[in-house]
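Have a look at the structure below before the remarks.
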Amino acid sequence: MRNEVIAFLADKSGDKFERFKKGFALYRDAPMKNPSAERSYNVLGCKDETLKSLEYDLMKAYNIKEREVHEFVYNQQTEAKQNTDNGLLTADEAAGALKLVGEQLGVTTGDLDHALNVKNLDNQVLGVESIIDQEGQYSLREKYPFLKSEDCPAELKILVADKITAWQNYTAARAQIELVQDGSVKPEDVDLNELAKQADENYAKNEAITKELDHYLEFNELLGEHPIFFQLQMQREVEEMTTDELIKFKNATVKYFSDNKKKLEKAEAAQDEKVIVKINEAVSKRKSKLSLVNKRLGINE
């Protein structure tokens with residue numbers, strides 16, 4: 001049952017009413033459920049806020065941590081790829097990739113299939129099977145064998161999933177640009193500047209993750225420069241906080257923001273860029289943690 005709940009939490013797709021119905025059924029069967037919360041969900045029914053609250057209560061009732069959900073998502077993404085030869089996508093994955101690009105461009109997958117098989121950005125044949133990542137999830141597992149190890153840090157497994165997504169988005173943006181270049185799509189029908197920005201941003205994300213993986217491969221230790229390490233640590237801290245600690249943190253945040261606003265004004269007046277950056281980073285981190293605290297408290301932002 002616990003694994004079923006993790007699978008439910010990991011899958012955000014589908015109709016929200018069906019998700020609420022399934023989630024509520026799982027909660028009713030929870031051995032550590034809150035009877036008051038169960039009655040409340042039964043009365044309120046499906047709403048955006050109740051669905052989010054139900055997901056949180058399911059995690060509490062089954063003692064599920066956020067990182068377990070992330071790991072489940074990663075395992076789902078890699079399981080279907082383990083037996084794939086030569087780094088090629090399955091038919092379903094190729095179709096999904098085509099659909100992603102097609103929806104963004106407003107063209108049929110048939111037209112997109114044709115364009116992609118004509119040539120890639122290097123004027124070489126690009127089969128549909130390799131649209132996502134010519135480097136490949138599959139070669140990643142060979143390039144970084146520690147990913148198969150049971151003691152592989154959870155952060156790296158999550159980063160690999162993020163790496164695949166970043167490369168998908170990068171490739172999708174580049175494919176759209178290529179469709180404009182070969183005349184399949186009119187330039188006025190797309191925002192080339194935005195596409196270039198998406199390509200650059202996702203390529204940078206991919207490279208940042210590669211740096212983490214390469215470092216662990218060489219030194220068998222975490223580099224820890226990627227933001228995910230701070231984010232996961234923050235999540236763990238919030239997960240371990242009591243209700244009183246959560247409320248105390250939330251209440252103290254009002255003064256925290258007020259104090260830093262004054263400090264920022266002084267720094268801006270003095271044109272002290274280092275202090276300005278430092279304050280903005282601290283405030284940004286506080287906002288991120290506050291968002292997690294609010295989620296734990298069931299407060300909508």
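If you're wondering about the labels, chains in the structure tokens are A, B, ... by order shown, residues count from 1 in each chain, ligands from 1 in order shown.
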- prompt: Do you know which residues are at most 8 Å from Glu212 in chain A counting only C-alpha atoms, after dropping those on the same chain fewer than 4 positions away, and could you put them as a ChimeraX atom specification?
  reply: /A:156,208,216,222-226
- request: May I have the residues within 8 Å of range 282-299 of chain A as a PyMOL selection string, using only C-alpha atoms and disregarding those fewer than 4 positions away in the same chain?
  value: chain A and resi 49+52-53+56+234-235+238-239+243+246+249-250+253+257+260+278
Selected residues, N, CA, C and O atoms, written as a tab-separated table (two decimals), in the first residue's frame, please.
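Generated output (again.tsv):
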```tsv
chain	number	residue	atom	x	y	z
A	49	GLU	N	-6.98	23.29	-3.26
A	49	GLU	CA	-6.33	23.34	-1.96
A	49	GLU	C	-6.50	22.03	-1.18
A	49	GLU	O	-5.60	21.60	-0.46
A	52	LYS	N	-4.04	19.34	-2.57
A	52	LYS	CA	-2.68	19.55	-2.07
A	52	LYS	C	-2.57	19.11	-0.61
A	52	LYS	O	-1.59	18.48	-0.21
A	53	SER	N	-3.58	19.47	0.17
A	53	SER	CA	-3.58	19.08	1.58
A	53	SER	C	-3.67	17.57	1.74
A	53	SER	O	-3.02	16.98	2.61
A	56	TYR	N	-0.32	15.97	1.16
A	56	TYR	CA	0.55	16.15	2.33
A	56	TYR	C	0.16	15.18	3.45
A	56	TYR	O	1.02	14.54	4.07
A	234	MET	N	17.01	21.74	2.52
A	234	MET	CA	15.95	22.57	3.05
A	234	MET	C	14.67	21.75	3.25
A	234	MET	O	13.97	21.88	4.26
A	235	GLN	N	14.36	20.91	2.28
A	235	GLN	CA	13.17	20.06	2.39
A	235	GLN	C	13.27	19.14	3.61
A	235	GLN	O	12.29	18.95	4.34
A	238	VAL	N	12.63	21.07	6.81
A	238	VAL	CA	11.22	21.39	7.00
A	238	VAL	C	10.43	20.14	7.38
A	238	VAL	O	9.52	20.19	8.21
A	239	GLU	N	10.78	19.00	6.78
A	239	GLU	CA	10.10	17.74	7.09
A	239	GLU	C	10.25	17.37	8.56
A	239	GLU	O	9.36	16.76	9.16
A	243	THR	N	5.06	21.23	14.38
A	243	THR	CA	4.07	22.25	14.03
A	243	THR	C	4.41	23.58	14.68
A	243	THR	O	4.30	24.64	14.06
A	246	LEU	N	7.20	25.20	12.81
A	246	LEU	CA	6.73	25.72	11.53
A	246	LEU	C	6.05	27.08	11.71
A	246	LEU	O	6.30	28.03	10.96
A	249	PHE	N	8.58	29.78	12.63
A	249	PHE	CA	9.35	30.21	11.46
A	249	PHE	C	8.53	31.15	10.60
A	249	PHE	O	9.02	32.19	10.14
A	250	LYS	N	7.27	30.79	10.38
A	250	LYS	CA	6.40	31.62	9.53
A	250	LYS	C	6.21	33.00	10.14
A	250	LYS	O	6.29	34.02	9.44
A	253	THR	N	9.23	35.26	9.85
A	253	THR	CA	9.59	35.65	8.49
A	253	THR	C	9.13	37.07	8.16
A	253	THR	O	9.78	37.76	7.38
A	257	PHE	N	11.81	39.66	6.53
A	257	PHE	CA	11.69	40.37	5.26
A	257	PHE	C	11.76	41.88	5.46
A	257	PHE	O	12.36	42.60	4.66
A	260	ASN	N	15.41	42.96	6.17
A	260	ASN	CA	16.25	42.86	4.98
A	260	ASN	C	15.86	43.87	3.90
A	260	ASN	O	16.71	44.26	3.08
A	278	LYS	N	24.12	39.52	-1.85
A	278	LYS	CA	24.04	38.68	-0.65
A	278	LYS	C	22.65	38.74	-0.03
A	278	LYS	O	22.08	37.70	0.37
```
query: With distances taken over only C-alpha atoms, which of A:Glu55, A:Glu155, A:Glu150, A:Asp15 is nearest to Glu71 in chain A?
result: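 Of A:Glu55, A:Glu155, A:Glu150, A:Asp15, the one nearest Glu71 in chain A, counting only C-alpha atoms, is A:Glu155.
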For Met1 in chain A, work out the shell of residues within 12 Å, counting only C-alpha atoms and skipping chain neighbours fewer than 2 positions away, then give it as a compact mmCIF listing (two decimals) with N, CA and C atoms, in the first residue's frame.
```
# COMPACT_ATOMS: atom_id res chain seq x y z
N ASN A 3 3.84 1.71 -1.27
CA ASN A 3 4.39 1.94 -2.61
C ASN A 3 3.33 2.48 -3.56
N GLU A 4 2.11 2.05 -3.37
CA GLU A 4 1.00 2.55 -4.19
C GLU A 4 0.78 4.04 -3.93
N VAL A 5 0.92 4.44 -2.68
CA VAL A 5 0.75 5.85 -2.33
C VAL A 5 1.89 6.68 -2.94
N ILE A 6 3.12 6.17 -2.89
CA ILE A 6 4.25 6.88 -3.49
C ILE A 6 4.02 7.05 -5.00
N ALA A 7 3.52 5.99 -5.64
CA ALA A 7 3.23 6.07 -7.07
C ALA A 7 2.17 7.13 -7.36
N PHE A 8 1.17 7.19 -6.48
CA PHE A 8 0.10 8.18 -6.64
C PHE A 8 0.67 9.59 -6.51
N GLY A 23 -6.83 9.38 -4.27
CA GLY A 23 -6.07 9.76 -3.08
C GLY A 23 -6.88 9.61 -1.80
N ALA A 25 -9.34 7.54 -1.31
CA ALA A 25 -9.48 6.11 -1.04
C ALA A 25 -8.23 5.57 -0.34
N LEU A 26 -7.07 6.03 -0.77
CA LEU A 26 -5.82 5.61 -0.13
C LEU A 26 -5.73 6.13 1.29
N TYR A 27 -6.20 7.34 1.49
CA TYR A 27 -6.15 7.93 2.84
C TYR A 27 -7.09 7.20 3.79
N ARG A 28 -8.25 6.81 3.30
CA ARG A 28 -9.20 6.08 4.16
C ARG A 28 -8.63 4.76 4.65
N ASP A 29 -7.74 4.18 3.83
CA ASP A 29 -7.13 2.90 4.21
C ASP A 29 -5.85 3.06 5.03
N ALA A 30 -5.44 4.31 5.24
CA ALA A 30 -4.20 4.56 5.98
C ALA A 30 -4.33 4.19 7.45
N PRO A 31 -3.41 3.41 7.99
CA PRO A 31 -3.49 3.02 9.40
C PRO A 31 -3.27 4.19 10.36
N LEU A 58 -1.35 12.35 3.14
CA LEU A 58 -0.98 11.00 2.74
C LEU A 58 0.48 10.72 3.07
N ALA A 61 0.61 10.19 6.81
CA ALA A 61 -0.04 8.96 7.24
C ALA A 61 0.78 7.71 6.91
N TYR A 62 1.52 7.79 5.80
CA TYR A 62 2.32 6.63 5.39
C TYR A 62 3.82 6.85 5.62
N ASN A 63 4.15 7.95 6.32
CA ASN A 63 5.54 8.28 6.64
C ASN A 63 6.42 8.28 5.40
N ILE A 64 6.00 9.05 4.39
CA ILE A 64 6.71 9.14 3.13
C ILE A 64 7.45 10.47 3.06
```
field: Option closest in space to Asn169 in chain A, from A:Arg236, A:Lys197, A:Lys60, A:Arg19 [counting only C-alpha atoms]
entry: A:Lys197
